[in-house]
$ cat model-v7.cif   # mmCIF, C-alpha atoms and all ligand atoms
data_input
#
loop_
_atom_site.group_PDB
_atom_site.id
_atom_site.type_symbol
_atom_site.label_atom_id
_atom_site.label_comp_id
_atom_site.auth_asym_id
_atom_site.auth_seq_id
_atom_site.Cartn_x
_atom_site.Cartn_y
_atom_site.Cartn_z
ATOM 1 C CA MET A 1 54.196 78.002 -80.548
ATOM 2 C CA SER A 2 52.633 80.060 -77.765
ATOM 3 C CA LEU A 3 54.077 82.196 -74.989
ATOM 4 C CA ASP A 4 53.074 81.878 -71.344
ATOM 5 C CA ILE A 5 51.445 84.892 -69.734
ATOM 6 C CA VAL A 6 50.228 85.769 -66.233
ATOM 7 C CA VAL A 7 47.683 88.532 -65.645
ATOM 8 C CA VAL A 8 47.976 90.671 -62.511
ATOM 9 C CA GLY A 9 44.507 91.632 -61.270
ATOM 10 C CA CYS A 10 41.291 89.650 -60.821
ATOM 11 C CA GLY A 11 39.162 92.808 -60.979
ATOM 12 C CA GLY A 12 37.173 94.116 -63.897
ATOM 13 C CA HIS A 13 40.159 95.667 -65.690
ATOM 14 C CA GLY A 14 42.176 92.448 -65.372
ATOM 15 C CA ARG A 15 39.288 90.384 -66.722
ATOM 16 C CA GLU A 16 38.893 92.782 -69.645
ATOM 17 C CA VAL A 17 42.601 92.273 -70.373
ATOM 18 C CA LEU A 18 41.935 88.498 -70.369
ATOM 19 C CA GLY A 19 39.347 89.253 -73.055
ATOM 20 C CA ILE A 20 41.968 91.073 -75.135
ATOM 21 C CA ILE A 21 44.255 88.033 -74.861
ATOM 22 C CA ASP A 22 41.369 85.820 -76.094
ATOM 23 C CA ALA A 23 40.730 88.177 -79.006
ATOM 24 C CA VAL A 24 44.425 88.270 -79.957
ATOM 25 C CA ASN A 25 44.539 84.458 -79.896
ATOM 26 C CA GLN A 26 41.365 84.132 -81.989
ATOM 27 C CA ALA A 27 42.708 86.568 -84.599
ATOM 28 C CA SER A 28 46.091 84.864 -84.811
ATOM 29 C CA VAL A 29 46.570 83.020 -88.098
ATOM 30 C CA GLY A 30 49.229 80.592 -86.894
ATOM 31 C CA GLY A 31 47.380 79.451 -83.728
ATOM 32 C CA PRO A 32 47.207 80.916 -80.206
ATOM 33 C CA VAL A 33 49.861 83.461 -79.348
ATOM 34 C CA TRP A 34 49.360 83.386 -75.580
ATOM 35 C CA ARG A 35 48.774 80.594 -73.051
ATOM 36 C CA VAL A 36 47.305 82.081 -69.872
ATOM 37 C CA VAL A 37 49.046 80.413 -66.913
ATOM 38 C CA GLY A 38 46.736 82.155 -64.430
ATOM 39 C CA VAL A 39 45.927 85.339 -62.578
ATOM 40 C CA VAL A 40 47.615 86.805 -59.482
ATOM 41 C CA ASP A 41 46.156 89.408 -57.147
ATOM 42 C CA ASP A 42 47.180 90.547 -53.644
ATOM 43 C CA ALA A 43 43.651 90.966 -52.333
ATOM 44 C CA PRO A 44 41.010 89.584 -54.677
ATOM 45 C CA SER A 45 37.399 89.547 -53.529
ATOM 46 C CA GLU A 46 35.688 86.164 -53.448
ATOM 47 C CA THR A 47 33.343 87.424 -56.180
ATOM 48 C CA ASP A 48 36.197 88.390 -58.495
ATOM 49 C CA ARG A 49 37.961 85.062 -57.915
ATOM 50 C CA LYS A 50 34.745 83.275 -58.938
ATOM 51 C CA ARG A 51 34.484 85.484 -62.037
ATOM 52 C CA VAL A 52 38.058 84.574 -63.014
ATOM 53 C CA ALA A 53 37.219 80.879 -62.502
ATOM 54 C CA ARG A 54 34.105 81.259 -64.682
ATOM 55 C CA LEU A 55 36.405 82.503 -67.460
ATOM 56 C CA GLY A 56 38.317 79.234 -67.129
ATOM 57 C CA HIS A 57 41.422 80.682 -65.468
ATOM 58 C CA GLU A 58 43.236 79.769 -62.276
ATOM 59 C CA TYR A 59 43.980 82.130 -59.383
ATOM 60 C CA LEU A 60 47.680 81.572 -58.629
ATOM 61 C CA GLY A 61 47.919 83.572 -55.385
ATOM 62 C CA THR A 62 49.394 86.947 -54.510
ATOM 63 C CA THR A 63 51.967 88.816 -56.604
ATOM 64 C CA ALA A 64 54.625 86.989 -54.532
ATOM 65 C CA ALA A 65 53.874 84.073 -56.903
ATOM 66 C CA LEU A 66 55.570 86.101 -59.670
ATOM 67 C CA ALA A 67 58.933 85.332 -58.034
ATOM 68 C CA THR A 68 58.454 81.619 -58.757
ATOM 69 C CA LEU A 69 57.611 81.928 -62.478
ATOM 70 C CA PRO A 70 60.033 80.752 -65.161
ATOM 71 C CA ALA A 71 62.082 83.680 -66.467
ATOM 72 C CA ARG A 72 60.414 83.780 -69.906
ATOM 73 C CA THR A 73 56.868 84.039 -68.542
ATOM 74 C CA HIS A 74 55.279 87.276 -69.735
ATOM 75 C CA VAL A 75 53.207 89.439 -67.441
ATOM 76 C CA THR A 76 50.486 92.020 -68.032
ATOM 77 C CA VAL A 77 49.256 94.333 -65.296
ATOM 78 C CA GLY A 78 45.464 94.381 -65.512
ATOM 79 C CA ILE A 79 44.988 97.285 -63.128
ATOM 80 C CA GLY A 80 43.370 100.522 -64.301
ATOM 81 C CA ALA A 81 44.492 103.009 -61.627
ATOM 82 C CA PRO A 82 47.941 104.362 -62.592
ATOM 83 C CA ALA A 83 49.244 104.619 -59.000
ATOM 84 C CA VAL A 84 48.374 100.996 -58.215
ATOM 85 C CA ARG A 85 49.674 99.798 -61.587
ATOM 86 C CA HIS A 86 52.913 101.697 -60.978
ATOM 87 C CA ALA A 87 53.404 99.942 -57.619
ATOM 88 C CA VAL A 88 53.009 96.532 -59.274
ATOM 89 C CA VAL A 89 55.292 97.497 -62.174
ATOM 90 C CA THR A 90 58.010 98.459 -59.684
ATOM 91 C CA ARG A 91 57.763 94.957 -58.197
ATOM 92 C CA LEU A 92 57.764 93.340 -61.661
ATOM 93 C CA ASP A 93 60.958 95.151 -62.535
ATOM 94 C CA ARG A 94 62.583 93.387 -59.577
ATOM 95 C CA TYR A 95 61.561 89.975 -60.966
ATOM 96 C CA GLU A 96 62.773 90.919 -64.476
ATOM 97 C CA LEU A 97 59.792 89.257 -66.160
ATOM 98 C CA PRO A 98 59.010 90.556 -69.665
ATOM 99 C CA ALA A 99 55.794 92.560 -69.971
ATOM 100 C CA ALA A 100 53.555 91.651 -72.906
ATOM 101 C CA VAL A 101 52.318 94.172 -75.468
ATOM 102 C CA LEU A 102 48.618 93.448 -76.065
ATOM 103 C CA VAL A 103 46.694 95.172 -78.842
ATOM 104 C CA HIS A 104 43.087 94.165 -79.447
ATOM 105 C CA PRO A 105 42.608 93.252 -83.122
ATOM 106 C CA ALA A 106 39.760 95.786 -83.321
ATOM 107 C CA ALA A 107 42.134 98.650 -82.408
ATOM 108 C CA THR A 108 44.366 100.518 -84.854
ATOM 109 C CA ILE A 109 47.865 101.863 -84.390
ATOM 110 C CA GLY A 110 49.217 104.148 -87.109
ATOM 111 C CA ALA A 111 52.646 104.468 -88.654
ATOM 112 C CA ASP A 112 55.675 105.909 -86.899
ATOM 113 C CA THR A 113 54.319 105.017 -83.467
ATOM 114 C CA HIS A 114 56.635 103.917 -80.676
ATOM 115 C CA TYR A 115 55.853 102.237 -77.366
ATOM 116 C CA GLY A 116 57.396 100.568 -74.367
ATOM 117 C CA GLU A 117 56.695 97.137 -72.905
ATOM 118 C CA GLY A 118 53.421 96.474 -71.136
ATOM 119 C CA LEU A 119 51.271 98.499 -73.552
ATOM 120 C CA VAL A 120 47.601 97.401 -73.532
ATOM 121 C CA VAL A 121 45.246 98.719 -76.215
ATOM 122 C CA PHE A 122 41.556 97.878 -75.901
ATOM 123 C CA ALA A 123 38.971 97.348 -78.652
ATOM 124 C CA GLY A 124 38.035 100.338 -80.753
ATOM 125 C CA ALA A 125 41.006 102.504 -79.798
ATOM 126 C CA ARG A 126 42.571 104.603 -82.556
ATOM 127 C CA ILE A 127 46.159 105.707 -82.230
ATOM 128 C CA THR A 128 47.126 107.789 -85.248
ATOM 129 C CA THR A 129 50.688 108.660 -86.233
ATOM 130 C CA ASN A 130 53.960 109.697 -84.614
ATOM 131 C CA VAL A 131 52.659 108.799 -81.175
ATOM 132 C CA THR A 132 55.193 107.868 -78.502
ATOM 133 C CA MET A 133 54.085 105.879 -75.468
ATOM 134 C CA GLY A 134 56.122 104.854 -72.423
ATOM 135 C CA ARG A 135 55.958 101.607 -70.473
ATOM 136 C CA HIS A 136 52.716 100.034 -69.201
ATOM 137 C CA VAL A 137 50.451 102.541 -70.910
ATOM 138 C CA HIS A 138 46.762 101.511 -71.050
ATOM 139 C CA ILE A 139 44.593 102.878 -73.866
ATOM 140 C CA ASN A 140 41.021 101.887 -73.099
ATOM 141 C CA GLN A 141 38.040 101.169 -75.346
ATOM 142 C CA ASN A 142 37.244 103.665 -78.109
ATOM 143 C CA VAL A 143 39.937 106.145 -77.108
ATOM 144 C CA THR A 144 41.462 108.349 -79.810
ATOM 145 C CA VAL A 145 45.042 109.610 -79.666
ATOM 146 C CA GLY A 146 45.889 112.238 -82.282
ATOM 147 C CA HIS A 147 49.097 112.804 -84.220
ATOM 148 C CA ASP A 148 52.385 113.649 -82.533
ATOM 149 C CA CYS A 149 51.311 112.905 -78.945
ATOM 150 C CA VAL A 150 53.691 111.780 -76.226
ATOM 151 C CA LEU A 151 52.363 109.632 -73.374
ATOM 152 C CA GLY A 152 54.631 108.874 -70.411
ATOM 153 C CA ASP A 153 54.970 105.650 -68.432
ATOM 154 C CA VAL A 154 51.902 104.112 -66.750
ATOM 155 C CA VAL A 155 49.446 106.553 -68.319
ATOM 156 C CA SER A 156 45.767 105.490 -68.423
ATOM 157 C CA LEU A 157 43.371 106.842 -71.016
ATOM 158 C CA ASN A 158 39.879 105.733 -69.976
ATOM 159 C CA PRO A 159 37.091 104.732 -72.395
ATOM 160 C CA LEU A 160 36.130 107.292 -75.057
ATOM 161 C CA ALA A 161 38.773 109.830 -74.032
ATOM 162 C CA ALA A 162 39.885 111.944 -77.005
ATOM 163 C CA VAL A 163 43.441 113.205 -76.810
ATOM 164 C CA SER A 164 43.998 115.663 -79.665
ATOM 165 C CA GLY A 165 47.161 116.102 -81.711
ATOM 166 C CA ASN A 166 50.444 117.351 -80.245
ATOM 167 C CA CYS A 167 49.447 116.683 -76.619
ATOM 168 C CA ARG A 168 51.720 115.487 -73.848
ATOM 169 C CA VAL A 169 50.370 113.313 -71.031
ATOM 170 C CA ASP A 170 53.071 112.707 -68.460
ATOM 171 C CA SER A 171 53.798 109.610 -66.385
ATOM 172 C CA GLY A 172 51.116 108.299 -64.071
ATOM 173 C CA ALA A 173 48.390 110.627 -65.373
ATOM 174 C CA LEU A 174 44.813 109.433 -65.869
ATOM 175 C CA VAL A 175 42.517 110.932 -68.495
ATOM 176 C CA GLY A 176 38.936 110.145 -67.513
ATOM 177 C CA ALA A 177 36.226 108.509 -69.571
ATOM 178 C CA GLY A 178 34.652 110.628 -72.289
ATOM 179 C CA SER A 179 36.960 113.590 -71.741
ATOM 180 C CA VAL A 180 38.657 115.749 -74.374
ATOM 181 C CA VAL A 181 42.178 117.133 -74.238
ATOM 182 C CA LEU A 182 42.458 119.978 -76.755
ATOM 183 C CA GLU A 183 45.384 120.034 -79.155
ATOM 184 C CA GLY A 184 48.817 120.827 -77.803
ATOM 185 C CA ARG A 185 47.820 120.711 -74.131
ATOM 186 C CA HIS A 186 50.021 119.163 -71.455
ATOM 187 C CA VAL A 187 48.687 116.959 -68.663
ATOM 188 C CA GLY A 188 51.292 116.806 -65.900
ATOM 189 C CA THR A 189 52.731 113.849 -64.014
ATOM 190 C CA GLY A 190 50.208 112.067 -61.805
ATOM 191 C CA ALA A 191 47.372 114.420 -62.753
ATOM 192 C CA THR A 192 43.750 113.253 -63.105
ATOM 193 C CA VAL A 193 41.340 114.580 -65.702
ATOM 194 C CA GLY A 194 37.766 113.865 -64.574
ATOM 195 C CA ALA A 195 35.274 111.987 -66.694
ATOM 196 C CA ALA A 196 33.604 114.130 -69.398
ATOM 197 C CA ALA A 197 35.989 117.068 -68.832
ATOM 198 C CA CYS A 198 37.355 119.323 -71.563
ATOM 199 C CA VAL A 199 40.980 120.285 -70.974
ATOM 200 C CA VAL A 200 41.564 123.749 -72.432
ATOM 201 C CA ARG A 201 44.635 124.685 -70.360
ATOM 202 C CA ASP A 202 47.685 122.715 -69.261
ATOM 203 C CA VAL A 203 47.037 120.588 -66.172
ATOM 204 C CA PRO A 204 49.732 120.929 -63.468
ATOM 205 C CA PRO A 205 51.304 117.756 -62.031
ATOM 206 C CA HIS A 206 49.392 115.880 -59.306
ATOM 207 C CA THR A 207 46.205 117.928 -59.646
ATOM 208 C CA ILE A 208 42.627 116.866 -60.370
ATOM 209 C CA VAL A 209 40.620 118.835 -62.923
ATOM 210 C CA LYS A 210 37.015 118.321 -63.978
ATOM 211 C CA GLY A 211 34.186 119.945 -65.870
ATOM 212 C CA VAL A 212 33.901 121.989 -69.068
ATOM 213 C CA PRO A 213 36.195 123.843 -69.273
ATOM 214 C CA ALA A 214 38.272 121.704 -66.897
ATOM 215 C CA ARG A 215 39.335 123.444 -63.670
HETATM 216 C C1 LIG B 1 36.982 113.924 -61.092
HETATM 217 C C2 LIG B 1 37.212 112.737 -60.173
HETATM 218 C C3 LIG B 1 38.685 112.326 -60.222
HETATM 219 C C4 LIG B 1 36.858 113.229 -58.770
HETATM 220 O O1 LIG B 1 36.985 112.188 -57.872
HETATM 221 P P1 LIG B 1 36.760 112.481 -56.291
HETATM 222 O O2 LIG B 1 37.783 113.465 -55.831
HETATM 223 O O3 LIG B 1 36.705 111.165 -55.588
HETATM 224 O O4 LIG B 1 35.391 113.243 -56.289
HETATM 225 P P2 LIG B 1 34.008 112.925 -55.561
HETATM 226 O O5 LIG B 1 33.328 111.739 -56.158
HETATM 227 O O6 LIG B 1 34.243 112.957 -54.084
HETATM 228 O O7 LIG B 1 33.176 114.225 -55.978
HETATM 229 C C5 LIG B 1 33.579 115.534 -55.580
HETATM 230 C C6 LIG B 1 32.713 116.515 -56.312
HETATM 231 O O8 LIG B 1 33.065 116.538 -57.693
HETATM 232 C C7 LIG B 1 31.933 116.218 -58.509
HETATM 233 N N1 LIG B 1 32.431 115.382 -59.617
HETATM 234 C C8 LIG B 1 32.984 114.153 -59.530
HETATM 235 N N2 LIG B 1 33.374 113.741 -60.734
HETATM 236 C C9 LIG B 1 33.079 114.734 -61.598
HETATM 237 C C10 LIG B 1 33.254 114.876 -62.994
HETATM 238 N N3 LIG B 1 33.848 113.925 -63.728
HETATM 239 N N4 LIG B 1 32.851 116.020 -63.579
HETATM 240 C C11 LIG B 1 32.256 117.002 -62.825
HETATM 241 N N5 LIG B 1 32.074 116.929 -61.491
HETATM 242 C C12 LIG B 1 32.476 115.794 -60.889
HETATM 243 C C13 LIG B 1 30.967 115.492 -57.570
HETATM 244 O O9 LIG B 1 29.646 115.602 -58.011
HETATM 245 C C14 LIG B 1 31.221 116.209 -56.277
HETATM 246 O O10 LIG B 1 30.555 117.436 -56.331
HETATM 247 P P3 LIG B 1 29.946 118.127 -54.990
HETATM 248 O O11 LIG B 1 31.126 118.360 -54.084
HETATM 249 O O12 LIG B 1 29.312 119.385 -55.497
HETATM 250 O O13 LIG B 1 28.976 117.134 -54.425
HETATM 251 C C15 LIG B 1 36.377 111.508 -60.553
HETATM 252 O O14 LIG B 1 35.003 111.669 -60.223
HETATM 253 C C16 LIG B 1 36.466 111.175 -62.032
HETATM 254 O O15 LIG B 1 35.756 111.695 -62.898
HETATM 255 N N6 LIG B 1 37.402 110.244 -62.352
HETATM 256 C C17 LIG B 1 37.549 109.661 -63.684
HETATM 257 C C18 LIG B 1 37.107 108.261 -63.568
HETATM 258 C C19 LIG B 1 36.777 107.558 -64.877
HETATM 259 O O16 LIG B 1 37.220 107.869 -65.961
HETATM 260 N N7 LIG B 1 36.012 106.518 -64.707
HETATM 261 C C20 LIG B 1 35.701 105.601 -65.777
HETATM 262 C C21 LIG B 1 36.384 104.307 -65.496
HETATM 263 S S1 LIG B 1 36.352 103.237 -66.844
#
$ encode --input "model-v7.cif" --output "structure tokens" --more "lines below"
Ligand SMILES: CC(C)(COP(=O)(O)OP(=O)(O)OC[C@H]1O[C@@H](n2cnc3c(N)ncnc32)[C@H](O)[C@@H]1OP(=O)(O)O)[C@@H](O)C(=O)NCCC(=O)NCCS
Amino acid sequence: MSLDIVVVGCGGHGREVLGIIDAVNQASVGGPVWRVVGVVDDAPSETDRKRVARLGHEYLGTTAALATLPARTHVTVGIGAPAVRHAVVTRLDRYELPAAVLVHPAATIGADTHYGEGLVVFAGARITTNVTMGRHVHINQNVTVGHDCVLGDVVSLNPLAAVSGNCRVDSGALVGAGSVVLEGRHVGTGATVGAAACVVRDVPPHTIVKGVPAR
């Protein structure tokens, strides 16, 4: 038996999430887990719509189409930017559709780890132990999350980010590709850590830091 799922987002992130769904289905012993009903997007480019079609999936229209889906249809928000993902999640909550948890079979999640709905974990990610993650958290390719971390809702950790043990990354924050957050540091709500930065001090809410050390 498989579950129906709709992906929000025709862009690159959404199509990478489609790849995770494929990988989950291929790794499933008892047959496919997910049946992709299609992809919705409020403003897809013609190019991205063609790319979705090349993957064999149908564009269903704008996110208004979510209102017409059967109640048990799962949804995943394939949007990388936390602020945009948050806006879509707010709309999803209105429709009361369940959000899928998608973990690529080439990722690992350790013991005593807790997460909310909508979690997406990409290939190569390593989440260790006693990690708590909120709703709609996206852990991108080859990210590491150390022991005893707490990640809030709609957090994005971009490829190759390394979040050390005992860190807190609050809701809506983005940790850029290839960056390091040193142990015990706190990244505030809605903050952005630039690509390749090294966070040595707490990052205040809604600020952008970059560089080594990050400022
Ligand atoms: C830091 C960041 C948020 C800044 O974005 P922005 O405000 O739009 O910045 P701009 O591109 O206008 O650049 C502003 C300045 O910061 C510099 N800069 C941008 N990103 C930087 C980074 N990661 N590290 C160091 N300097 C950076 C630019 O060179 C520019 O310098 P200048 O003023 O001397 O010319 C963004 O560049 C970034 O790194 N985001 C993370 C994105 C990521 O992870 N991408 C991977 C996706 S999978």
$ resolve_selection --input "model-v7.cif" --expression "the PyMOL selection byres (((chain A and resi 126-133) around 6) and not hetatm)" --output "number ranges by chain"
A: 107-115, 125, 134, 144-152
$ write_last_selection --input "model-v7.cif" --atoms "C-alpha atoms" --output "PDB file, keeping the file's coordinate frame"
ATOM      1  CA  ALA A 107      42.134  98.650 -82.408  1.00  0.00           C
ATOM      2  CA  THR A 108      44.366 100.518 -84.854  1.00  0.00           C
ATOM      3  CA  ILE A 109      47.865 101.863 -84.390  1.00  0.00           C
ATOM      4  CA  GLY A 110      49.217 104.148 -87.109  1.00  0.00           C
ATOM      5  CA  ALA A 111      52.646 104.468 -88.654  1.00  0.00           C
ATOM      6  CA  ASP A 112      55.675 105.909 -86.899  1.00  0.00           C
ATOM      7  CA  THR A 113      54.319 105.017 -83.467  1.00  0.00           C
ATOM      8  CA  HIS A 114      56.635 103.917 -80.676  1.00  0.00           C
ATOM      9  CA  TYR A 115      55.853 102.237 -77.366  1.00  0.00           C
ATOM     10  CA  ALA A 125      41.006 102.504 -79.798  1.00  0.00           C
ATOM     11  CA  GLY A 134      56.122 104.854 -72.423  1.00  0.00           C
ATOM     12  CA  THR A 144      41.462 108.349 -79.810  1.00  0.00           C
ATOM     13  CA  VAL A 145      45.042 109.610 -79.666  1.00  0.00           C
ATOM     14  CA  GLY A 146      45.889 112.238 -82.282  1.00  0.00           C
ATOM     15  CA  HIS A 147      49.097 112.804 -84.220  1.00  0.00           C
ATOM     16  CA  ASP A 148      52.385 113.649 -82.533  1.00  0.00           C
ATOM     17  CA  CYS A 149      51.311 112.905 -78.945  1.00  0.00           C
ATOM     18  CA  VAL A 150      53.691 111.780 -76.226  1.00  0.00           C
ATOM     19  CA  LEU A 151      52.363 109.632 -73.374  1.00  0.00           C
ATOM     20  CA  GLY A 152      54.631 108.874 -70.411  1.00  0.00           C
TER      21      GLY A 152
END
$ resolve_selection --input "model-v7.cif" --expression "the PyMOL selection byres (((chain A and resi 208) around 6) and not hetatm)" --output "list in words"
Ala191, Thr192, Val193, Thr207 and Val209 of chain A
$ resolve_selection --input "model-v7.cif" --expression "the PyMOL selection byres (((not hetatm)) within 10 of (chain B and resi 1))" --output "ChimeraX atom specification"
/A:12-13,80-81,140-141,156-161,174-179,191-198,207-212,214-215
$ write_last_selection --input "model-v7.cif" --atoms "C-alpha atoms" --output "mmCIF file, in the frame of the given file"
data_model
loop_
_atom_site.group_PDB
_atom_site.id
_atom_site.type_symbol
_atom_site.label_atom_id
_atom_site.label_comp_id
_atom_site.auth_asym_id
_atom_site.auth_seq_id
_atom_site.Cartn_x
_atom_site.Cartn_y
_atom_site.Cartn_z
ATOM 1 C CA GLY A 12 37.173 94.116 -63.897
ATOM 2 C CA HIS A 13 40.159 95.667 -65.690
ATOM 3 C CA GLY A 80 43.370 100.522 -64.301
ATOM 4 C CA ALA A 81 44.492 103.009 -61.627
ATOM 5 C CA ASN A 140 41.021 101.887 -73.099
ATOM 6 C CA GLN A 141 38.040 101.169 -75.346
ATOM 7 C CA SER A 156 45.767 105.490 -68.423
ATOM 8 C CA LEU A 157 43.371 106.842 -71.016
ATOM 9 C CA ASN A 158 39.879 105.733 -69.976
ATOM 10 C CA PRO A 159 37.091 104.732 -72.395
ATOM 11 C CA LEU A 160 36.130 107.292 -75.057
ATOM 12 C CA ALA A 161 38.773 109.830 -74.032
ATOM 13 C CA LEU A 174 44.813 109.433 -65.869
ATOM 14 C CA VAL A 175 42.517 110.932 -68.495
ATOM 15 C CA GLY A 176 38.936 110.145 -67.513
ATOM 16 C CA ALA A 177 36.226 108.509 -69.571
ATOM 17 C CA GLY A 178 34.652 110.628 -72.289
ATOM 18 C CA SER A 179 36.960 113.590 -71.741
ATOM 19 C CA ALA A 191 47.372 114.420 -62.753
ATOM 20 C CA THR A 192 43.750 113.253 -63.105
ATOM 21 C CA VAL A 193 41.340 114.580 -65.702
ATOM 22 C CA GLY A 194 37.766 113.865 -64.574
ATOM 23 C CA ALA A 195 35.274 111.987 -66.694
ATOM 24 C CA ALA A 196 33.604 114.130 -69.398
ATOM 25 C CA ALA A 197 35.989 117.068 -68.832
ATOM 26 C CA CYS A 198 37.355 119.323 -71.563
ATOM 27 C CA THR A 207 46.205 117.928 -59.646
ATOM 28 C CA ILE A 208 42.627 116.866 -60.370
ATOM 29 C CA VAL A 209 40.620 118.835 -62.923
ATOM 30 C CA LYS A 210 37.015 118.321 -63.978
ATOM 31 C CA GLY A 211 34.186 119.945 -65.870
ATOM 32 C CA VAL A 212 33.901 121.989 -69.068
ATOM 33 C CA ALA A 214 38.272 121.704 -66.897
ATOM 34 C CA ARG A 215 39.335 123.444 -63.670
#
$ closest_residue --input "model-v7.cif" --among "A:Val154, A:Val52, A:Val84, A:Leu102" --to "Phe122 (chain A)" --atoms "all atoms listed in the file"
A:Leu102
$ closest_residue --input "model-v7.cif" --among "A:Glu117, A:Asp42, A:Glu183, A:Asp170" --to "Leu60 (chain A)" --atoms "only C-alpha atoms"
A:Asp42
$ residues_around --input "model-v7.cif" --residues "region 63-78 of chain A" --least-positions-apart "3" --cutoff "8 Å" --atoms "all atoms listed in the file" --output "MDAnalysis selection string"
chainID A and resid 3:11 13:17 40:42 60 85 88:89 92 95:101 118 136
$ write_last_selection --input "model-v7.cif" --atoms "C-alpha atoms" --output "CSV table (one decimal), in the frame of the given file"
chain,number,residue,atom,x,y,z
A,3,LEU,CA,54.1,82.2,-75.0
A,4,ASP,CA,53.1,81.9,-71.3
A,5,ILE,CA,51.4,84.9,-69.7
A,6,VAL,CA,50.2,85.8,-66.2
A,7,VAL,CA,47.7,88.5,-65.6
A,8,VAL,CA,48.0,90.7,-62.5
A,9,GLY,CA,44.5,91.6,-61.3
A,10,CYS,CA,41.3,89.6,-60.8
A,11,GLY,CA,39.2,92.8,-61.0
A,13,HIS,CA,40.2,95.7,-65.7
A,14,GLY,CA,42.2,92.4,-65.4
A,15,ARG,CA,39.3,90.4,-66.7
A,16,GLU,CA,38.9,92.8,-69.6
A,17,VAL,CA,42.6,92.3,-70.4
A,40,VAL,CA,47.6,86.8,-59.5
A,41,ASP,CA,46.2,89.4,-57.1
A,42,ASP,CA,47.2,90.5,-53.6
A,60,LEU,CA,47.7,81.6,-58.6
A,85,ARG,CA,49.7,99.8,-61.6
A,88,VAL,CA,53.0,96.5,-59.3
A,89,VAL,CA,55.3,97.5,-62.2
A,92,LEU,CA,57.8,93.3,-61.7
A,95,TYR,CA,61.6,90.0,-61.0
A,96,GLU,CA,62.8,90.9,-64.5
A,97,LEU,CA,59.8,89.3,-66.2
A,98,PRO,CA,59.0,90.6,-69.7
A,99,ALA,CA,55.8,92.6,-70.0
A,100,ALA,CA,53.6,91.7,-72.9
A,101,VAL,CA,52.3,94.2,-75.5
A,118,GLY,CA,53.4,96.5,-71.1
A,136,HIS,CA,52.7,100.0,-69.2
$ closest_residue --input "model-v7.cif" --among "A:Val37, A:Val200, A:Val121, A:Ile139" --to "Cys167 (chain A)" --atoms "only C-alpha atoms"
A:Val200
$ closest_residue --input "model-v7.cif" --among "A:Gly172, A:Pro105, A:Thr189, A:Val36" --to "Glu58 (chain A)" --atoms "all atoms listed in the file"
A:Val36
$ atom_distance --input "model-v7.cif" --atom1 "CA of Asn166 (chain A)" --atom2 "CA of Val103 (chain A)"
22.5 Å
$ decode --input "model-v7.cif" --residues "region 125-162 of chain A" --atoms "C-alpha atoms" --output "JSON list (two decimals), in the first residue's frame"
[["chain", "number", "residue", "atom", "x", "y", "z"],
["A", 125, "ALA", "CA", 23.28, 13.92, 6.25],
["A", 126, "ARG", "CA", 24.32, 12.70, 9.70],
["A", 127, "ILE", "CA", 22.17, 13.52, 12.68],
["A", 128, "THR", "CA", 23.74, 12.07, 15.82],
["A", 129, "THR", "CA", 21.96, 11.65, 19.14],
["A", 130, "ASN", "CA", 19.53, 13.53, 21.37],
["A", 131, "VAL", "CA", 18.71, 15.97, 18.60],
["A", 132, "THR", "CA", 15.33, 17.70, 18.68],
["A", 133, "MET", "CA", 13.91, 19.21, 15.50],
["A", 134, "GLY", "CA", 10.71, 21.21, 15.05],
["A", 135, "ARG", "CA", 8.28, 21.12, 12.13],
["A", 136, "HIS", "CA", 9.32, 21.40, 8.47],
["A", 137, "VAL", "CA", 13.04, 21.32, 9.19],
["A", 138, "HIS", "CA", 15.24, 20.70, 6.11],
["A", 139, "ILE", "CA", 18.65, 19.09, 6.60],
["A", 140, "ASN", "CA", 20.45, 19.25, 3.28],
["A", 141, "GLN", "CA", 23.08, 17.01, 1.69],
["A", 142, "ASN", "CA", 26.09, 16.02, 3.80],
["A", 143, "VAL", "CA", 25.13, 18.16, 6.78],
["A", 144, "THR", "CA", 26.24, 17.04, 10.25],
["A", 145, "VAL", "CA", 24.25, 17.78, 13.39],
["A", 146, "GLY", "CA", 26.07, 16.97, 16.63],
["A", 147, "HIS", "CA", 24.73, 15.59, 19.90],
["A", 148, "ASP", "CA", 22.15, 17.43, 21.99],
["A", 149, "CYS", "CA", 21.20, 20.07, 19.41],
["A", 150, "VAL", "CA", 17.81, 21.74, 19.25],
["A", 151, "LEU", "CA", 16.53, 23.01, 15.89],
["A", 152, "GLY", "CA", 13.33, 25.08, 15.79],
["A", 153, "ASP", "CA", 10.53, 25.02, 13.22],
["A", 154, "VAL", "CA", 11.32, 25.66, 9.54],
["A", 155, "VAL", "CA", 15.09, 25.67, 10.03],
["A", 156, "SER", "CA", 17.25, 25.07, 6.92],
["A", 157, "LEU", "CA", 20.73, 23.63, 7.17],
["A", 158, "ASN", "CA", 22.31, 23.96, 3.72],
["A", 159, "PRO", "CA", 24.70, 21.42, 2.15],
["A", 160, "LEU", "CA", 27.83, 20.56, 4.15],
["A", 161, "ALA", "CA", 26.93, 22.75, 7.13],
["A", 162, "ALA", "CA", 28.39, 21.35, 10.36]]
